[in-house]
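Following: one structure in structure tokens, then a few remarks.
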Amino acid sequence: MLLGSCSSAKDSDSPAASQTRPVITIMAPLHFPQGPDSALVEQIEEMTGTNLIIDWVPDEIYTDKMNAALTMNSLKKATFVKYTDYIFLKSAIRSGMFWEIGPYLSEYPNLKRLNDSILNQTAVDGKIYGLYTERPSSRQGVIIRADWLEKLKLDPPNTIDQLYNVMKQFTYGDPDGDGKQDTIGLTDRNDLVFGAFKTLSSYFGTPNNWAAENHSIIPEFETPQYKDTMDFMRKLYNEKLINQEFVVTSKDIQRDLLISGKAGVYIGSMTDVQRLSNEAKQINPDARFTVVNRIEGPDGYKVWSIPNFNGLFLFSKSAIKTEDELKQVLAFFDRSMEADAANLMKYGLEGKHYALEGKDVLLPVKSEQLRISEVSPLYSLMIADLSNPNLMKVAQEDPLLALAEKLTVDNEKFIVKDPTVNLESVTFDEHSEELNKIIADATYHYILGQIDGDGFNREIERWKRSGGEQIIEEFTKSYFD
């Protein structure tokens, strides 16, 4: 799906000048209904001296589209790869499909300032292949309808039991006051990682993908905490406290259930609350939201984390034939970090999308929808934005977003890390995608009541026979040796 802009000659410059610009092809995820304003893309092209051809792919199909491009050897010059997909590409990286860019970074004024720690988190066999998009360790938490809590005289939940009770009351307590049983507690989607499951799992004390115990690396799904989480989700499903089609629900539909007032709890990235709240208020001006990050479980406060990159741009050797071409693409990303381009991508145009208060940015509420529709999709192109000193600061943030960001910082106090990050397992790199599907399917089947505990254990054994046991051995050797 080509939703982006292919620039040729612009009215503002000569055809000859435009034709001599390097063409940069990019594949990037689209988290919004449509791509950015083409006029903004044209300004970025002029600032960076490039012609951009951007394939904006809806986020819910991005992984499939990226994998198809990988299989067909039709990747763009710069292809974004999500963190959750990156681990599956390491074999392709080792096979020489992508450029190693580490040796070139020192040639660029902005790229040479990239965080060494985060670059090392992305490394494959000690080599740097990608430019990372930056993120905190964990934004995970619970977004809740505050007005529903108030109507039902409930406090924001602080424990798993209280969270369950909120979901139950939101389903059966008529929180919208229409006299009908037409609401549910939790809205979820077909994603065991960035949907509700993994965050709930960390509240129960489940390790983050793997645990290092008794001189062995143990997969999370062999722990009792993982099975406790499945039991909890099964209870939500059986009691109809969750959308019954969550296994096949897209992110857009999941969000719509919350926005439209059909559901009252959303578990995921807390910083989504501002946009969710603003869209919900367009339907019901009385809708109010709050955010909670501390849900106490059997082992206290826990929340899963990822390394400090949300994903990264890789550079295909099939699309970039020469070192000079690679340098052109790297030069585009370096130039995009300068103040004029970076602030355009982050905030849009002064006077239209934002105002200035001294040197700080003001984001008027009246411009919110315009920023979302015209500017926000560009965020997918921004690398290392959290630490980019060229970006202007926001003078006064939306109170809900400010709360979400404060709680994101608080999450750092009890994050659970994946002990296998940067460990070596050739079997994992080559076969984890199909092996993960075995466990994902088994998890869903258990939650839906289609298999029991013995059935789930049989799927674990199938996972082990299919290469899982070898992964455990390789990770164990890499971790403890």
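Residues in the structure tokens are numbered from 1 in each chain, the chains being A, B, ... in the order shown, and ligands are numbered from 1 in the order shown.
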- strand (DSSP E) call set, DSSP backbone run, stretch 210-381 of chain A, as an MDAnalysis selection string: chainID A and resid 210:213 216:219 263:269 289:292 303:304 309:315 355:357 360:362
Please list as a PDB file with C-alpha atoms, in the first residue's frame every residue within 12 Å of A:Ile438, counting only C-alpha atoms and excluding residues in the same chain fewer than 5 positions away.
```
ATOM      1  CA  PHE A 221       5.649 -20.112  29.191  1.00  0.00           C
ATOM      2  CA  HIS A 431      13.397 -20.744  13.782  1.00  0.00           C
ATOM      3  CA  SER A 432      11.895 -18.584  16.527  1.00  0.00           C
ATOM      4  CA  GLU A 433       9.140 -17.233  14.284  1.00  0.00           C
ATOM      5  CA  THR A 443      -1.936 -19.697  24.551  1.00  0.00           C
ATOM      6  CA  TYR A 444      -4.985 -18.510  22.628  1.00  0.00           C
ATOM      7  CA  HIS A 445      -6.461 -22.016  22.538  1.00  0.00           C
ATOM      8  CA  PHE A 456      -0.851 -26.735  26.643  1.00  0.00           C
ATOM      9  CA  ASN A 457       2.003 -28.828  28.065  1.00  0.00           C
ATOM     10  CA  ARG A 458       1.894 -31.062  24.993  1.00  0.00           C
ATOM     11  CA  GLU A 459       2.372 -27.971  22.838  1.00  0.00           C
ATOM     12  CA  ILE A 460       5.392 -27.014  24.958  1.00  0.00           C
ATOM     13  CA  GLU A 461       6.852 -30.447  24.280  1.00  0.00           C
ATOM     14  CA  ARG A 462       6.185 -29.977  20.550  1.00  0.00           C
ATOM     15  CA  TRP A 463       7.952 -26.627  20.778  1.00  0.00           C
ATOM     16  CA  LYS A 464      10.949 -28.322  22.386  1.00  0.00           C
ATOM     17  CA  ARG A 465      11.078 -31.106  19.777  1.00  0.00           C
ATOM     18  CA  SER A 466      10.859 -28.560  16.972  1.00  0.00           C
ATOM     19  CA  GLY A 467      13.994 -26.711  18.068  1.00  0.00           C
ATOM     20  CA  GLY A 468      13.069 -25.156  21.402  1.00  0.00           C
TER      21      GLY A 468
END
```
- Write out as a VMD selection string the residues lying within 10 Å of A:Lys127, counting only C-alpha atoms and excluding same-chain residues fewer than 2 positions away. chain A and resid 100 to 103 119 to 120 122 to 125 129 to 130
Rows by chain and residue number, stretch 206-250 of chain A within 12 Å of stretch 162-178 of chain A, shortest pair, only C-alpha atoms, as a tab-separated table:
```
residue	atom	partner	partner_atom	distance
A:Phe232	CA	A:Tyr164	CA	8.8
A:Met233	CA	A:Tyr164	CA	10.1
A:Lys235	CA	A:Tyr164	CA	9.6
A:Leu236	CA	A:Tyr164	CA	8.1
A:Tyr237	CA	A:Lys168	CA	11.3
A:Asn238	CA	A:Lys168	CA	11.7
A:Glu239	CA	A:Lys168	CA	8.3
A:Lys240	CA	A:Thr171	CA	7.9
A:Leu241	CA	A:Thr171	CA	5.9
A:Ile242	CA	A:Met167	CA	8.2
A:Asn243	CA	A:Thr171	CA	10.4
```
- Å distance separating atom CA of A:Phe475 from atom CA of A:Ala92, one decimal place: 19.7 Å
- From A:Ser277, A:Ser138, A:Ser305, A:Asn67, residue lying nearest A:Pro207 [only C-alpha atoms]: A:Ser305
Mind dumping a table of every stretch 373-413 of chain A residue within 12 Å of stretch 342-354 of chain A, with the nearest atom pair and its distance in Å to one decimal, using only C-alpha atoms, sorted by chain and rising number, as CSV?
```
residue,atom,partner,partner_atom,distance
A:Ser373,CA,A:His353,CA,10.6
A:Glu374,CA,A:Gly348,CA,7.9
A:Val375,CA,A:Gly348,CA,5.6
A:Ser376,CA,A:Lys346,CA,7.1
A:Pro377,CA,A:Met345,CA,8.7
A:Leu378,CA,A:Met345,CA,5.5
A:Tyr379,CA,A:Lys346,CA,6.2
A:Ser380,CA,A:Met345,CA,9.3
A:Leu381,CA,A:Met345,CA,8.1
A:Met382,CA,A:Met345,CA,7.4
A:Ile383,CA,A:Ala342,CA,9.4
A:Ala384,CA,A:Ala342,CA,10.5
A:Asp385,CA,A:Ala342,CA,8.2
A:Leu386,CA,A:Lys346,CA,11.0
A:Ser387,CA,A:Ala342,CA,11.9
A:Asn388,CA,A:Ala342,CA,8.7
A:Pro389,CA,A:Ala342,CA,10.1
A:Asn390,CA,A:Ala342,CA,7.3
A:Leu391,CA,A:Asn343,CA,5.7
A:Met392,CA,A:Asn343,CA,6.8
A:Lys393,CA,A:Asn343,CA,9.8
A:Val394,CA,A:Tyr347,CA,9.7
A:Ala395,CA,A:Tyr354,CA,11.0
A:Gln396,CA,A:Tyr354,CA,11.8
```
Filtering to C-alpha atoms, could you give me those residues as a PDB file, in the first residue's frame?
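The result, stored in result_35.pdb:
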```pdb
ATOM      1  CA  SER A 373      -3.827  13.919  10.557  1.00  0.00           C
ATOM      2  CA  GLU A 374      -1.037  15.944   8.925  1.00  0.00           C
ATOM      3  CA  VAL A 375       2.050  15.693  11.150  1.00  0.00           C
ATOM      4  CA  SER A 376       1.925  12.704  13.495  1.00  0.00           C
ATOM      5  CA  PRO A 377       2.578  10.005  10.850  1.00  0.00           C
ATOM      6  CA  LEU A 378       6.010  11.574  10.245  1.00  0.00           C
ATOM      7  CA  TYR A 379       7.086  10.474  13.710  1.00  0.00           C
ATOM      8  CA  SER A 380       7.775   7.013  12.262  1.00  0.00           C
ATOM      9  CA  LEU A 381      10.687   8.504  10.315  1.00  0.00           C
ATOM     10  CA  MET A 382      12.389  10.113  13.307  1.00  0.00           C
ATOM     11  CA  ILE A 383      15.489   8.437  14.709  1.00  0.00           C
ATOM     12  CA  ALA A 384      16.861   8.988  18.220  1.00  0.00           C
ATOM     13  CA  ASP A 385      14.336  11.744  18.873  1.00  0.00           C
ATOM     14  CA  LEU A 386      14.235  11.497  22.694  1.00  0.00           C
ATOM     15  CA  SER A 387      17.882  12.521  22.962  1.00  0.00           C
ATOM     16  CA  ASN A 388      18.074  14.854  19.954  1.00  0.00           C
ATOM     17  CA  PRO A 389      19.237  18.229  21.353  1.00  0.00           C
ATOM     18  CA  ASN A 390      17.943  19.989  18.234  1.00  0.00           C
ATOM     19  CA  LEU A 391      14.297  19.387  19.135  1.00  0.00           C
ATOM     20  CA  MET A 392      12.342  22.160  20.833  1.00  0.00           C
ATOM     21  CA  LYS A 393      10.694  21.456  24.182  1.00  0.00           C
ATOM     22  CA  VAL A 394       6.967  21.591  24.821  1.00  0.00           C
ATOM     23  CA  ALA A 395       6.007  24.465  27.142  1.00  0.00           C
ATOM     24  CA  GLN A 396       2.876  22.925  28.606  1.00  0.00           C
TER      25      GLN A 396
END
```
